[in-house]
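One structure below.
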Amino acid sequence: MATVELTFSALPAHVRTARLVATAIARRTGVEESLLDEVRLAVGEACSRAVEAHRVHCPGEPIRIELRDDSGRFEVTVSDLAPSDEHEQDHPVDLGTLSDSFTQGFGIAVIAGLADDVEVVPSPKGMRIRMSWPASANGQAPA
């Protein structure tokens, strides 16, 4: 299992860099070419949400992205340090039960539509969004 970690300050310009890095690693990991736009858009949405949350709550703190290939999956986790008002404890959110205002404000519905698998864990200490897509086991895009 290979892991790449990236941290960036809460500036909108850095979202583009995060998208480019995620797309390059997804390609190297073996994510099908037809899914790369979905990876790019989902990572961009998650990072944009984190940038906005940080700009309001903790502009000096970095946003963290972890990209990994694990058991035939390409996984991206975007973590921020902005407190969530939605939940008091760390636990995954059931994406099917989110209210419209929650998904509208954070773009979680968009991410859920783009990624193959999504887990959202809000807490008073920040939010973690984990997304994944199928990838080839040998790190080469399928022929």
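Letters A, B, ... mark the chains of the structure tokens in the order given; residue numbers begin at 1 per chain; ligand numbers begin at 1, in order shown.
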(request) Might you pull out every residue within 10 Å of A:Arg73, with only C-alpha atoms counted and same-chain residues fewer than 2 positions away left off, and present them as a list in words? (result)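 In the requested form, the answer reads Ala26, Thr29, Gly30, Val31, Arg68, Asp69, Asp70, Ser71, Glu75, Val76, Asp116, Asp117, Met131, Ser132, Trp133, Pro134, Ala135, Ser136, Ala137 and Gly139 of chain A.
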Selected residues written out with N, CA and C atoms, as a compact mmCIF listing (two decimals), in the first residue's frame:
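Here's the written file selection.txt:
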```txt
# COMPACT_ATOMS: atom_id res chain seq x y z
N ALA A 26 -4.22 8.90 -9.22
CA ALA A 26 -5.28 7.97 -9.63
C ALA A 26 -4.88 7.26 -10.92
N THR A 29 -2.20 4.78 -10.21
CA THR A 29 -2.72 3.67 -9.41
C THR A 29 -3.52 2.69 -10.27
N GLY A 30 -3.99 3.14 -11.42
CA GLY A 30 -4.71 2.24 -12.30
C GLY A 30 -6.21 2.50 -12.36
N VAL A 31 -6.64 3.67 -11.93
CA VAL A 31 -8.05 4.04 -12.07
C VAL A 31 -8.33 4.20 -13.57
N ARG A 68 -4.20 7.08 -1.32
CA ARG A 68 -3.58 5.76 -1.17
C ARG A 68 -4.18 4.76 -2.13
N ASP A 69 -3.39 3.77 -2.45
CA ASP A 69 -3.90 2.62 -3.19
C ASP A 69 -3.89 1.45 -2.22
N ASP A 70 -5.02 0.82 -2.10
CA ASP A 70 -5.18 -0.23 -1.09
C ASP A 70 -6.13 -1.30 -1.62
N SER A 71 -5.61 -2.49 -1.82
CA SER A 71 -6.42 -3.64 -2.22
C SER A 71 -7.30 -3.38 -3.43
N GLU A 75 -8.02 5.53 -2.93
CA GLU A 75 -8.76 6.18 -1.84
C GLU A 75 -8.18 7.56 -1.57
N VAL A 76 -9.07 8.54 -1.43
CA VAL A 76 -8.69 9.91 -1.11
C VAL A 76 -9.45 10.31 0.15
N ASP A 116 -17.17 6.16 -6.04
CA ASP A 116 -17.72 4.82 -5.96
C ASP A 116 -18.17 4.51 -4.53
N ASP A 117 -17.43 5.00 -3.55
CA ASP A 117 -17.72 4.77 -2.14
C ASP A 117 -17.35 6.04 -1.38
N MET A 131 -13.22 9.09 0.04
CA MET A 131 -13.80 8.70 -1.24
C MET A 131 -12.92 7.63 -1.84
N SER A 132 -13.53 6.69 -2.59
CA SER A 132 -12.69 5.71 -3.26
C SER A 132 -13.29 5.27 -4.58
N TRP A 133 -12.40 4.75 -5.44
CA TRP A 133 -12.74 4.26 -6.78
C TRP A 133 -11.98 2.97 -7.01
N PRO A 134 -12.49 2.11 -7.89
CA PRO A 134 -11.74 0.89 -8.22
C PRO A 134 -10.48 1.22 -9.00
N ALA A 135 -9.44 0.44 -8.73
CA ALA A 135 -8.16 0.61 -9.43
C ALA A 135 -7.61 -0.77 -9.71
N SER A 136 -6.74 -0.87 -10.69
CA SER A 136 -6.15 -2.18 -10.98
C SER A 136 -5.17 -2.56 -9.88
N ALA A 137 -5.06 -3.83 -9.65
CA ALA A 137 -4.21 -4.33 -8.56
C ALA A 137 -2.73 -4.06 -8.79
N GLY A 139 -1.38 -1.43 -10.35
CA GLY A 139 -1.03 -0.03 -10.49
C GLY A 139 -0.99 0.46 -11.92
```
(request) Name all residues at most 8 Å from stretch 36-50 of chain A (count only C-alpha atoms; drop same-chain ones fewer than 4 positions away) and give them as a ChimeraX atom specification. (result) /A:10,12,15-16,18-20,22-23,26-27,31-32,54,63,76,78-80,82,106-108,110-111,114-115,129,133
How would the residues just picked look written out with C-alpha atoms as a short mmCIF file (atom, residue, chain, number, x, y, z; two decimals), in the first residue's frame?
```cif
data_model
loop_
_atom_site.label_atom_id
_atom_site.label_comp_id
_atom_site.auth_asym_id
_atom_site.auth_seq_id
_atom_site.Cartn_x
_atom_site.Cartn_y
_atom_site.Cartn_z
CA ALA A 10 -6.96 27.40 2.92
CA PRO A 12 -8.93 28.49 -3.37
CA VAL A 15 -7.73 23.34 -4.79
CA ARG A 16 -6.57 23.10 -8.40
CA ALA A 18 -4.97 19.10 -5.10
CA ARG A 19 -7.14 18.05 -8.08
CA LEU A 20 -4.10 17.71 -10.34
CA ALA A 22 -5.15 13.38 -7.13
CA THR A 23 -5.72 12.82 -10.84
CA ALA A 26 -5.28 7.97 -9.63
CA ARG A 27 -3.92 7.42 -13.14
CA VAL A 31 -8.05 4.04 -12.07
CA GLU A 32 -9.79 3.75 -15.44
CA HIS A 54 -11.28 26.86 7.13
CA ILE A 63 -6.11 21.14 5.04
CA VAL A 76 -8.69 9.91 -1.11
CA VAL A 78 -9.77 15.11 2.77
CA SER A 79 -9.58 16.25 6.39
CA ASP A 80 -10.21 19.71 7.76
CA ALA A 82 -13.20 23.36 11.06
CA PHE A 106 -21.22 21.11 1.79
CA GLY A 107 -21.62 19.50 -1.62
CA ILE A 108 -21.64 16.03 -0.09
CA VAL A 110 -22.16 15.85 -5.44
CA ILE A 111 -19.24 13.90 -4.00
CA LEU A 114 -19.04 11.01 -8.26
CA ALA A 115 -17.18 8.56 -6.02
CA ILE A 129 -14.43 12.86 3.76
CA TRP A 133 -12.74 4.26 -6.78
#
```
(message) Using DSSP assignments from the backbone, pull out every residue in stretch 2-132 of chain A that falls under strand (DSSP E) and give it to me as a PyMOL selection string.
(response) chain A and resi 2-8+63-70+73-79+117-123+126-132
(message) Taking only C-alpha atoms into account, name the residue in A:Ile65, A:Thr17, A:Val51, A:Glu33 that is nearest to A:Thr77.
(response) A:Ile65
(message) To one decimal place in Å, what is the distance between atom CA of A:His57 and atom CA of A:Thr3?
(response) 28.3 Å
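As for atom CA of A:Arg28 and atom CA of A:His14, they are spaced 21.3 Å apart.
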(request) Record the distance separating atom CA of A:Leu35 and atom CA of A:Pro122, expressed in Å with one decimal. (result) 26.5 Å
(request) Taking the chain letters and numbering used in this document, name the residues of stretch 24-83 of chain A that DSSP puts in alpha helix (DSSP H), as number ranges by chain. (result) A: 24-29, 36-57
